[in-house]
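Chemist: A single structure is presented below for examination.
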2 protein chains.
Amino acid sequence: MTTSMAASHSVGKLAKDVIFGASAACKEAIKKYGSDKVTNATIGSIMNDDGTIACIPVVEHLLRNLPIGDLISYAPISGVPAYLDAVTDVVFGQYRPEGYTAAVATAGGTGALHHTIWNYTEQGDSVLTANWYWGPYNMLCREVGRQLETFELFDAQKQFNLADFSNKFTQILSKQDSILVILNTPAHNPTGYSLSDADWQGVLDICKEAAKKTQKKITLLVDVAYIDFAGEATETRRFMKNFSNLPDNILTVFAFSMSKGYTVYGQRCGAMVGLSASSAVIQEFADINKYTSRATWSNINHGAMEVLIAIHRDQKLAKQFRQEQDTLYQMIKKRGAIFMEEAKACDLNALPYKAGFFLSIPSTNSAAVCDALHEDLIYAVPLKAGVRIAACAVSATKMHGIAAKIKKALEKVE
Amino acid sequence: MTTSMAASHSVGKLAKDVIFGASAACKEAIKKYGSDKVTNATIGSIMNDDGTIACIPVVEHLLRNLPIGDLISYAPISGVPAYLDAVTDVVFGQYRPEGYTAAVATAGGTGALHHTIWNYTEQGDSVLTANWYWGPYNMLCREVGRQLETFELFDAQKQFNLADFSNKFTQILSKQDSILVILNTPAHNPTGYSLSDADWQGVLDICKEAAKKTQKKITLLVDVAYIDFAGEATETRRFMKNFSNLPDNILTVFAFSMSKGYTVYGQRCGAMVGLSASSAVIQEFADINKYTSRATWSNINHGAMEVLIAIHRDQKLAKQFRQEQDTLYQMIKKRGAIFMEEAKACDLNALPYKAGFFLSIPSTNSAAVCDALHEDLIYAVPLKAGVRIAACAVSATKMHGIAAKIKKALEKVE
């Protein structure tokens, strides 16, 4: 009797989803106790204070009123050219680094990660990211036979741990001809940390030094999924200037997503933007990632691209969009501030949240901490390194008191 | 100087798109001569007689009026459960085969092919399809290090060439532990052929015989992208009953797409439906394909799924949908009939078109034939084995005369 038909590399794959598990438990509690009494801190989307999903009004208006051709016709494989131009502007803002660029539309930010891992790492390679990381990074690597290795994001002073980054980077590069580094910043998921200019300087100095000494290839993937909730729009893009004129053997890829910044998570639209001092490297970037798109999903949601195009070609709409987006940013900022103030007041060891959808509290026993929080009808996500709280999803009213309750749960469990 | 940053397996990939090239030449001609005078037979979408893209009215209405939560929120990784149930019903109709089934949402039909090739073939394997095939099949295989091999679709009598299928199938299986066969039917792209019940019986007998003699694994991918334009809905699904109670080591996967049947090409929504006599094989199908989704595109367009759900849970909407879809089917059928009648009248050697978006004329010099057609302002797609004409896109008025002009072009060139 045949019990498996899978190819050898696919046998036994199972997507365990801790977020889904936490969310399911929360839904049960809401059924039992009512949504007023339950705090759902598991959701990775912006929720209004009344618990409904938030949509930027101008985005909804445009999406519902697109010409039917835009809504249903195929987009070009690489994406609509005007979309790719607009995305490049949106990603860099006033700080477009010097160098050649090209963009390719992808299925959200995940698609940009998929293409980069597949096209810029060898079978069996190690990929480097921080020890606090978005779980699917690991699955994206394992799926194609790569392995994810991590450096400690923070040192004992909760500063960016450049020393450990340097160690792990050098170690991997001593064994491989190329390396892919994934950095999710600004407003990192799950900690809310943003690399400072000094942090970036440190990272890039290490990369440049390695690039000078060898012919090895270094690809930096900067996952900017949360950039629009990281602070003031111009300021959050200032770090982009650091990527100007890097050596030819350093390629930078920015993973852009409409999911959060445009509140269209389920529309599945994003892009990868490549930057290099070499025009040949950028032509190759456009060619091989287009090929991978053709051979993976064919093309990307045309309507969603047209929404972004419409916003960015019309100054009035663009202004309205920025204001409406800012309202959501301010709402999340307020929620995060409440938590961090209360964490400080009760001496809870929270990580240095700067901005964004999520904040985290270290724990070696996060599942037990989350279970203990269920007694207070608070539902959070247990990660390997700690507990994740969704500032994007918990109203200011409900946010009050969570820090103290986590403190209590931690004391009970550890 | 570094001119390539790509991983070794990705160097030199270039997606040459003959359809795009043909379409670009056509657009130039339209600019010069006006759309009235130019025939665009390159497009793979249903165009109204006036040259606008056709959208099924109830689909447009639902898509524009979805609750905002459905439109923008993330769908579950595997797809909305009600969507997967509805898709399974839609695929099988009244001829649901006996056996276990599971479905996973995918980015159109392409996504279903991607997952199946990745999860059910080994590195270096040969994948078998017909010599008349949709170009991206080859790219999907090459992208992940598989190679596409072909059998002759037709024999000298323009009948399904079971003998050549058998030869190639046996030959590949003698070298591999498993085989993936891709069959695009009914209403095959690019020929419009549909395997008859006898053709299927022949294919399945060969598979069953091979499955009995060995422990080798056989995966059959049936690409049903065009099933809704293949004939009367019940009749076109009759062949599904042949897949009941196959041996455990034959897995059948149906690649379903909303692109054509629901006229939402650019929304990128489809599904893969697995069928097996073994519950373990189907559990594995659900698990490993979910994992691949998580590690490729995360999740699929939520709004598009809700459109299909809405249609299929409401008898009135379902009836309206079937009528509106049938109007498009009748329009294409009429166009195809004009071509085939005229082909017969002028003794043009057209392939046995039964139904669907495309019909084809064999030629060993298809690029030159297409170039010659440009003199008549007719734009078609040059494939390796011949010329493809899009019945879905050319109005009845413009279809008149094309067969004779192809005949003339062939005589000129060959």
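Ordering of the structure tokens sets the chain letters (A, B, ...), residue numbers begin anew at 1 in every chain, and ligands are numbered from 1 in the order given.
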Residues of chain A within 7 Å of chain B: nearest atom pair and distance (Å, one decimal) for each, counting only C-alpha atoms, sorted by chain and number, as a tab-separated table?
Modeler:
residue	atom	partner	partner_atom	distance
A:Met1	CA	B:Asp248	CA	6.6
A:Thr2	CA	B:Asp248	CA	5.5
A:Thr3	CA	B:Ala280	CA	5.2
A:Ser4	CA	B:Val281	CA	5.3
A:Met5	CA	B:Val281	CA	6.3
A:Ala6	CA	B:Tyr120	CA	5.0
A:Ala7	CA	B:Tyr120	CA	4.8
A:Ser8	CA	B:Glu122	CA	6.9
A:Ser10	CA	B:Asn119	CA	5.6
A:Lys13	CA	B:Ile288	CA	5.2
A:Leu14	CA	B:Asp287	CA	5.5
A:Ala15	CA	B:Tyr291	CA	5.1
A:Ile53	CA	B:Gly69	CA	6.4
A:Arg64	CA	B:Arg64	CA	5.1
A:Gly69	CA	B:Ile53	CA	6.4
A:Leu71	CA	B:Gly266	CA	6.7
A:Ile72	CA	B:Val264	CA	4.6
A:Ser73	CA	B:Gly266	CA	4.7
A:Tyr74	CA	B:Gly266	CA	4.2
A:Ala75	CA	B:Gly266	CA	6.2
A:Ala107	CA	B:Trp297	CA	5.4
A:Thr110	CA	B:Trp297	CA	5.6
A:Gly111	CA	B:Trp297	CA	5.1
A:His114	CA	B:Thr296	CA	5.6
A:Asn119	CA	B:Ser10	CA	5.6
A:Tyr120	CA	B:Ala7	CA	4.8
A:Thr121	CA	B:Ala7	CA	5.3
A:Glu122	CA	B:Ala7	CA	5.6
A:Pro136	CA	B:Ala295	CA	6.8
A:Met139	CA	B:Ala295	CA	5.7
A:Leu140	CA	B:Ala295	CA	4.4
A:Glu143	CA	B:Ala295	CA	6.4
A:Lys217	CA	B:Met5	CA	6.4
A:Asp248	CA	B:Thr2	CA	5.5
A:Asn249	CA	B:Thr2	CA	5.7
A:Thr263	CA	B:Ile72	CA	6.9
A:Val264	CA	B:Ile72	CA	4.6
A:Tyr265	CA	B:Tyr74	CA	5.4
A:Gly266	CA	B:Tyr74	CA	4.2
A:Gln267	CA	B:Asn301	CA	4.9
A:Arg268	CA	B:Asn301	CA	6.0
A:Ser278	CA	B:Thr3	CA	6.9
A:Ala280	CA	B:Thr3	CA	5.2
A:Val281	CA	B:Ser4	CA	5.3
A:Glu284	CA	B:Ser4	CA	6.9
A:Asp287	CA	B:Leu14	CA	5.5
A:Ile288	CA	B:Lys13	CA	5.2
A:Lys290	CA	B:Ala15	CA	6.9
A:Tyr291	CA	B:Ala15	CA	5.1
A:Thr292	CA	B:Glu143	CA	6.8
A:Ala295	CA	B:Leu140	CA	4.4
A:Thr296	CA	B:His114	CA	5.6
A:Trp297	CA	B:Gly111	CA	5.1
A:Ser298	CA	B:Thr110	CA	6.3
A:Ile300	CA	B:Arg268	CA	6.7
A:Asn301	CA	B:Gln267	CA	4.9
A:His302	CA	B:Gly266	CA	5.2
Chemist: So that I can see what lies close to B:Asn48, please list as an mmCIF file with all heavy atoms, in the first residue's frame the residues with an atom at most 9 Å from it, counting only C-alpha atoms and leaving out residues fewer than 6 positions away in the same chain.
Modeler:
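This went into around.cif:
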data_model
loop_
_atom_site.group_PDB
_atom_site.id
_atom_site.type_symbol
_atom_site.label_atom_id
_atom_site.label_comp_id
_atom_site.auth_asym_id
_atom_site.auth_seq_id
_atom_site.Cartn_x
_atom_site.Cartn_y
_atom_site.Cartn_z
ATOM 1 N N ALA B 54 -14.272 40.664 -22.181
ATOM 2 C CA ALA B 54 -15.581 40.243 -21.682
ATOM 3 C C ALA B 54 -15.501 39.857 -20.216
ATOM 4 O O ALA B 54 -14.599 39.128 -19.820
ATOM 5 C CB ALA B 54 -16.080 39.047 -22.497
ATOM 6 N N LEU B 328 -20.987 33.422 -23.473
ATOM 7 C CA LEU B 328 -19.597 33.529 -23.941
ATOM 8 C C LEU B 328 -19.177 32.257 -24.675
ATOM 9 O O LEU B 328 -18.513 32.306 -25.712
ATOM 10 C CB LEU B 328 -18.659 33.810 -22.771
ATOM 11 C CG LEU B 328 -18.889 35.140 -22.042
ATOM 12 C CD1 LEU B 328 -17.848 35.324 -20.933
ATOM 13 C CD2 LEU B 328 -18.841 36.322 -23.006
ATOM 14 N N MET B 331 -20.547 32.227 -28.101
ATOM 15 C CA MET B 331 -19.849 33.195 -28.960
ATOM 16 C C MET B 331 -18.557 32.594 -29.522
ATOM 17 O O MET B 331 -18.269 32.682 -30.723
ATOM 18 C CB MET B 331 -19.547 34.461 -28.147
ATOM 19 C CG MET B 331 -18.844 35.564 -28.930
ATOM 20 S SD MET B 331 -18.780 37.132 -27.999
ATOM 21 C CE MET B 331 -17.482 36.782 -26.820
ATOM 22 N N CYS B 392 -11.116 32.788 -28.995
ATOM 23 C CA CYS B 392 -11.697 33.549 -27.880
ATOM 24 C C CYS B 392 -11.654 35.054 -28.142
ATOM 25 O O CYS B 392 -12.416 35.808 -27.541
ATOM 26 C CB CYS B 392 -10.949 33.232 -26.584
ATOM 27 S SG CYS B 392 -9.164 33.560 -26.666
ATOM 28 N N ALA B 393 -10.768 35.477 -29.050
ATOM 29 C CA ALA B 393 -10.501 36.921 -29.168
ATOM 30 C C ALA B 393 -10.921 37.546 -30.492
ATOM 31 O O ALA B 393 -11.014 38.766 -30.596
ATOM 32 C CB ALA B 393 -9.007 37.176 -28.941
ATOM 33 N N VAL B 394 -11.192 36.707 -31.499
ATOM 34 C CA VAL B 394 -11.485 37.248 -32.836
ATOM 35 C C VAL B 394 -12.993 37.195 -33.111
ATOM 36 O O VAL B 394 -13.602 36.119 -33.028
ATOM 37 C CB VAL B 394 -10.719 36.453 -33.915
ATOM 38 C CG1 VAL B 394 -11.091 36.950 -35.315
ATOM 39 C CG2 VAL B 394 -9.223 36.556 -33.695
ATOM 40 N N SER B 395 -13.584 38.321 -33.461
ATOM 41 C CA SER B 395 -15.031 38.368 -33.712
ATOM 42 C C SER B 395 -15.387 37.490 -34.908
ATOM 43 O O SER B 395 -14.542 37.216 -35.773
ATOM 44 C CB SER B 395 -15.468 39.802 -33.987
ATOM 45 O OG SER B 395 -14.943 40.221 -35.242
#
Chemist: Give me the residues near A:Tyr95 as a PyMOL selection string, where near means some atom within 6 Å (using only C-alpha atoms) and where sequence neighbours in that chain fewer than 4 positions away do not count.
Modeler: chain A and resi 238+240-241
Chemist: If you keep N, CA, C and O atoms, can you produce a file of those selected residues as a compact mmCIF listing (two decimals), in the first residue's frame?
Modeler:
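Ended up saving to out-v1.txt:
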# COMPACT_ATOMS: atom_id res chain seq x y z
N ARG A 238 15.43 57.48 5.26
CA ARG A 238 16.75 58.10 5.24
C ARG A 238 17.87 57.05 5.12
O ARG A 238 18.89 57.29 4.48
N MET A 240 18.11 54.59 3.32
CA MET A 240 18.28 54.11 1.94
C MET A 240 19.57 54.66 1.30
O MET A 240 20.17 54.01 0.45
N LYS A 241 19.95 55.86 1.69
CA LYS A 241 21.13 56.49 1.06
C LYS A 241 22.40 55.68 1.32
O LYS A 241 23.37 55.78 0.56
Chemist: Quick one: residues within 12 Å of stretch 200-213 of chain A, only C-alpha atoms counted, chain neighbours fewer than 6 positions away excluded, as number ranges by chain?
Modeler: A: 160-174, 177-183, 185-186, 194, 219-220, 222, 238-252; B: 1-2
Chemist: Can you check which residues of stretch 85-185 of chain A DSSP gives as strand (DSSP E) on the backbone and send them as a ChimeraX atom specification?
Modeler: /A:100-106,126-130,147-151,178-184
Chemist: Could you give me, as a list in words, the residues within 7 Å of stretch 352-354 of chain A, counting only C-alpha atoms and dropping anything in the same chain fewer than 2 positions from it?
Modeler: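 Answer for this query is Lys158, Ala187, Thr191, Gly192, Tyr193, Ser194, Ala350 and Leu359 of chain A.
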Chemist: How would the residues just picked look written out with N, CA and C atoms as a PDB file, in the first residue's frame?
Modeler:
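Listed below is the output, out-v2.pdb:
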ATOM      1  N   LYS A 158      20.409  45.434  25.062  1.00  0.00           N
ATOM      2  CA  LYS A 158      19.299  45.595  24.113  1.00  0.00           C
ATOM      3  C   LYS A 158      19.651  46.541  22.973  1.00  0.00           C
ATOM      4  N   ALA A 187      10.798  48.892  11.737  1.00  0.00           N
ATOM      5  CA  ALA A 187       9.597  48.371  12.410  1.00  0.00           C
ATOM      6  C   ALA A 187       9.500  46.856  12.264  1.00  0.00           C
ATOM      7  N   THR A 191       9.586  42.418  16.739  1.00  0.00           N
ATOM      8  CA  THR A 191       9.984  43.213  17.919  1.00  0.00           C
ATOM      9  C   THR A 191       9.667  44.703  17.823  1.00  0.00           C
ATOM     10  N   GLY A 192       9.436  45.204  16.593  1.00  0.00           N
ATOM     11  CA  GLY A 192       9.225  46.643  16.445  1.00  0.00           C
ATOM     12  C   GLY A 192      10.512  47.447  16.446  1.00  0.00           C
ATOM     13  N   TYR A 193      11.668  46.741  16.348  1.00  0.00           N
ATOM     14  CA  TYR A 193      12.947  47.439  16.318  1.00  0.00           C
ATOM     15  C   TYR A 193      13.226  47.958  14.900  1.00  0.00           C
ATOM     16  N   SER A 194      13.942  49.087  14.824  1.00  0.00           N
ATOM     17  CA  SER A 194      14.423  49.596  13.538  1.00  0.00           C
ATOM     18  C   SER A 194      15.925  49.793  13.626  1.00  0.00           C
ATOM     19  N   ALA A 350      10.503  44.229  28.228  1.00  0.00           N
ATOM     20  CA  ALA A 350      10.065  44.243  26.821  1.00  0.00           C
ATOM     21  C   ALA A 350      11.235  44.624  25.926  1.00  0.00           C
ATOM     22  N   LEU A 359       5.106  43.993  19.028  1.00  0.00           N
ATOM     23  CA  LEU A 359       6.149  44.149  20.035  1.00  0.00           C
ATOM     24  C   LEU A 359       6.292  42.812  20.751  1.00  0.00           C
TER      25      LEU A 359
END
Chemist: Excluding A:Leu84 and residues on its chain fewer than 4 positions from it, collect all residues at most 10 Å away from it, counting only C-alpha atoms, and give them as a VMD selection string.
Modeler: chain A and resid 78 to 80 88 to 90 102 to 105 270 to 273 305 308 to 309
Chemist: Would you output that residue set with N, CA and C atoms, as a compact mmCIF listing (two decimals), in the first residue's frame?
Modeler:
# COMPACT_ATOMS: atom_id res chain seq x y z
N SER A 78 6.15 40.63 -15.45
CA SER A 78 6.97 41.36 -14.47
C SER A 78 6.18 42.40 -13.70
N GLY A 79 4.95 42.66 -14.12
CA GLY A 79 4.15 43.71 -13.50
C GLY A 79 3.91 44.85 -14.47
N VAL A 80 2.89 45.68 -14.19
CA VAL A 80 2.59 46.84 -15.02
C VAL A 80 3.74 47.84 -14.87
N THR A 88 9.03 51.79 -7.00
CA THR A 88 10.42 52.20 -6.78
C THR A 88 10.45 53.57 -6.09
N ASP A 89 9.59 54.47 -6.53
CA ASP A 89 9.47 55.78 -5.86
C ASP A 89 9.02 55.63 -4.42
N VAL A 90 8.03 54.79 -4.20
CA VAL A 90 7.48 54.62 -2.86
C VAL A 90 8.54 54.04 -1.92
N ALA A 102 15.86 47.85 -10.74
CA ALA A 102 14.77 47.23 -11.51
C ALA A 102 13.80 46.66 -10.50
N ALA A 103 12.54 46.55 -10.91
CA ALA A 103 11.53 46.00 -10.01
C ALA A 103 10.73 44.91 -10.71
N VAL A 104 10.26 43.94 -9.94
CA VAL A 104 9.42 42.85 -10.44
C VAL A 104 8.28 42.66 -9.45
N ALA A 105 7.06 42.62 -9.96
CA ALA A 105 5.89 42.42 -9.08
C ALA A 105 5.91 41.03 -8.46
N GLY A 270 2.81 42.81 -4.17
CA GLY A 270 4.04 43.40 -3.65
C GLY A 270 5.03 43.54 -4.77
N ALA A 271 6.29 43.68 -4.43
CA ALA A 271 7.33 43.79 -5.46
C ALA A 271 8.70 43.58 -4.84
N MET A 272 9.65 43.20 -5.67
CA MET A 272 11.06 43.19 -5.27
C MET A 272 11.76 44.27 -6.10
N VAL A 273 12.54 45.10 -5.40
CA VAL A 273 13.28 46.16 -6.09
C VAL A 273 14.76 45.86 -5.90
N MET A 305 -2.38 46.48 -8.52
CA MET A 305 -1.33 47.35 -9.06
C MET A 305 -1.91 48.67 -9.52
N LEU A 308 -2.43 51.25 -6.75
CA LEU A 308 -1.21 51.97 -6.37
C LEU A 308 -0.83 53.00 -7.45
N ILE A 309 -0.97 52.60 -8.70
CA ILE A 309 -0.67 53.54 -9.80
C ILE A 309 -1.57 54.78 -9.69
Chemist: Which is closest to B:Asn365 among B:Ile332, B:Ile56, B:Val224, B:Leu410, if we use only C-alpha atoms?
Modeler: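 Closest to B:Asn365 of all the choices is B:Leu410.
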Chemist: Where in stretch 101-160 of chain B does DSSP assign helix (DSSP H, G or I), given as a PyMOL selection string?
Modeler: chain B and resi 108-120+136-143
Chemist: Kindly give the distance, in Å, that separates atom CA of B:Cys370 and atom CA of B:Asp49, rounded to a single decimal.
Modeler: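 That distance, rounded to one decimal, is 22.5 Å.
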Chemist: As an exercise, work out the distance from atom CA of B:Ala310 to atom CA of B:Leu62 in Å and give it to one decimal place.
Modeler: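 Interatomic distance here is 7.8 Å.
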